[in-house]
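Heads up: the structure comes next, in structure tokens.
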Amino acid sequence: MEFIPTSIPEVILIQPKVFGDERGFFMETYQSRQFSEAGIPSDFVQDNHSGSAKGILRGLHYQIRQTQGKLVRVVAGEIFDVAVDIRRSSPTFGRCECVLLSAQNKFQLWIPPGFAHGFYVVSDWAEVVYKATDYYAPEWERSILWNDPEIGIPWPELNGQEPVLSAKDRSGIPLREAEIFP
């Protein structure tokens with residue numbers, strides 16, 4: 001695997017080695033030793049899998065306690081994946097890292113604790129799987145407004161239509177009002 005630094009050093013793009021022939025392909029998606037050497041913890045406790053139609057936007061989510069690091073990949077379709085640094089003391093506070101993840105490119109994105117996460121489905125259908133370093137705790141979950149102008153995420157446009165959001169995501173709050181990390 002290749003661990004590729006992004007503009008926010010703690011967010012890491014992972015490109016697996018894919019071995020393919022006429023039968024299909026094989027790749028390792030996780031290997032504890034290699035991930036540890038790249039500075040990514042190996043103590044994942046939960047795997048999640050979601051499916052969404054084109055135009056669905058999920059996020060920007062985080063847990064203020066029981067913080068979660070996430071290892072995100074796409075097994076069907078394509079998403080525009082976003083990590084936002086919400087650590088006030090960080091030199092990259094308020095900045096976002098945006099990556100296209102797809103079943104075709106097979107990239108993964110490591111998003112450490114201290115970041116809000118969201119994604120936008122740009123294919124007809126996408127299935128996203130991710131490992132988390134702590135358990136889901138709805139009482140600690142928070143949502144930042146997906147289109148907060150101070151963050152300035154360059155969401156792709158899909159035929160000029162607004163993204164489809166859950167009620168929770170529509171009621172996200174701006175970063176300046178959000179409960180964030182020190």
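Here's how to read the names in the structure tokens: chain A, B, ... by the order shown, residue numbers from 1 in each chain, ligand numbers from 1 in the order shown.
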
Q) Contacts of A:Thr133 at 6 Å or less, counting only C-alpha atoms, minus same-chain residues fewer than 2 places along, as a PyMOL selection string? A) chain A and resi 43-45+68-69

Output the selection as a compact mmCIF listing (two decimals), in the first residue's frame - C-alpha atoms for each residue.
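What landed in selection-v5.txt:
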# COMPACT_ATOMS: atom_id res chain seq x y z
CA ASP A 43 -7.56 -0.38 17.17
CA PHE A 44 -10.71 -0.28 15.04
CA VAL A 45 -13.81 -1.37 16.95
CA GLN A 68 -13.87 8.43 16.04
CA GLY A 69 -11.08 8.07 13.56

(message) From a backbone DSSP assignment, name each residue in chain A labelled helix (DSSP H, G or I), as a VMD selection string.
(response) chain A and resid 32 to 37 138 to 140 167 to 170 175 to 177

For A:Arg73, the nearest of the candidates A:Ala116, A:Ala137, A:Ala126, A:Leu165, counting only C-alpha atoms
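With only C-alpha atoms as the atom set, the closest residue is A:Ala126.
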
With distances taken over only C-alpha atoms, the candidate from A:Gly94, A:Val128, A:Lys168, A:Pro182 nearest A:Gly152 is A:Gly94

Counting only C-alpha atoms, closest pick from A:Thr29, A:Ser50, A:Thr67, A:Ser36 relative to A:Gln108 is A:Thr29

Self-check item: Nearest to A:Phe107 by atom-to-atom distance, counting only C-alpha atoms, from A:Thr92, A:Val129, A:His61, A:Leu158
Solution: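 Result for the nearest residue to A:Phe107: A:Val129.
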
**Q.** Selection near A:Tyr62, 12 Å with only C-alpha atoms, sequence-local residues under 4 positions removed, as JSON, numbers by chain
**A.** {"A": [58, 66, 67, 68, 69, 70, 83, 84, 85, 86, 87, 111, 112, 113, 114, 115, 116, 117, 118, 132, 134, 135, 136, 137, 138, 139, 140, 141, 142, 143, 144, 145, 169, 172, 178, 179, 180, 181]}

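Between atom CA of A:Val75 and atom CA of A:Lys106 the separation is 7.7 Å.
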
Handout entry: Long-range neighbours of A:Ile79 as a ChimeraX atom specification, 7 Å cut-off, only C-alpha atoms, 5 positions minimum in chain
Key = /A:100-102,119-122,126

Selection export as a PDB file, in the first residue's frame, atoms kept: N, CA and C atoms:
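New file result-v2.pdb:
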ATOM      1  N   LEU A 100     -11.988  12.349  -4.232  1.00  0.00           N
ATOM      2  CA  LEU A 100     -12.934  11.446  -4.891  1.00  0.00           C
ATOM      3  C   LEU A 100     -12.528  10.023  -4.557  1.00  0.00           C
ATOM      4  N   LEU A 101     -13.421   9.299  -3.921  1.00  0.00           N
ATOM      5  CA  LEU A 101     -13.212   7.885  -3.625  1.00  0.00           C
ATOM      6  C   LEU A 101     -14.195   7.097  -4.468  1.00  0.00           C
ATOM      7  N   SER A 102     -13.735   6.003  -5.056  1.00  0.00           N
ATOM      8  CA  SER A 102     -14.632   5.208  -5.897  1.00  0.00           C
ATOM      9  C   SER A 102     -14.264   3.736  -5.836  1.00  0.00           C
ATOM     10  N   PHE A 119     -19.833  13.169   3.033  1.00  0.00           N
ATOM     11  CA  PHE A 119     -19.623  12.793   1.642  1.00  0.00           C
ATOM     12  C   PHE A 119     -20.865  13.057   0.824  1.00  0.00           C
ATOM     13  N   TYR A 120     -20.634  13.195  -0.483  1.00  0.00           N
ATOM     14  CA  TYR A 120     -21.676  13.503  -1.453  1.00  0.00           C
ATOM     15  C   TYR A 120     -21.596  12.458  -2.552  1.00  0.00           C
ATOM     16  N   VAL A 121     -22.710  11.805  -2.840  1.00  0.00           N
ATOM     17  CA  VAL A 121     -22.730  10.735  -3.838  1.00  0.00           C
ATOM     18  C   VAL A 121     -22.824  11.351  -5.237  1.00  0.00           C
ATOM     19  N   VAL A 122     -21.829  11.062  -6.073  1.00  0.00           N
ATOM     20  CA  VAL A 122     -21.796  11.626  -7.426  1.00  0.00           C
ATOM     21  C   VAL A 122     -22.110  10.592  -8.507  1.00  0.00           C
ATOM     22  N   ALA A 126     -23.954   4.611  -4.542  1.00  0.00           N
ATOM     23  CA  ALA A 126     -22.651   4.376  -3.924  1.00  0.00           C
ATOM     24  C   ALA A 126     -22.835   3.635  -2.613  1.00  0.00           C
TER      25      ALA A 126
END

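Look at A:Glu162: the protein and nucleic acid residues within 12 Å of it, using only C-alpha atoms and passing over chain neighbours fewer than 2 places away, are Lys54, Gly55, Ile56, Leu57, Tyr120, Trp146, Asn147, Trp155, Pro156, Glu157, Leu158, Asn159, Gly160, Val164, Leu165 and Arg170 of chain A.
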
For the strand (DSSP E or B) assignment from backbone DSSP, which residues of stretch 31-157 of chain A qualify? Please present them as JSON, numbers by chain. {"A": [46, 47, 48, 49, 50, 51, 52, 53, 56, 57, 58, 59, 60, 61, 62, 63, 70, 71, 72, 73, 74, 75, 76, 78, 79, 80, 81, 82, 83, 84, 85, 87, 96, 97, 98, 99, 100, 101, 102, 108, 109, 110, 111, 115, 116, 117, 118, 119, 120, 121, 125, 126, 127, 128, 129, 130, 131, 132, 141, 142, 143, 144]}

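Relative to atom CA of A:Ser32, atom CA of A:Gln46 is found at 15.2 Å.
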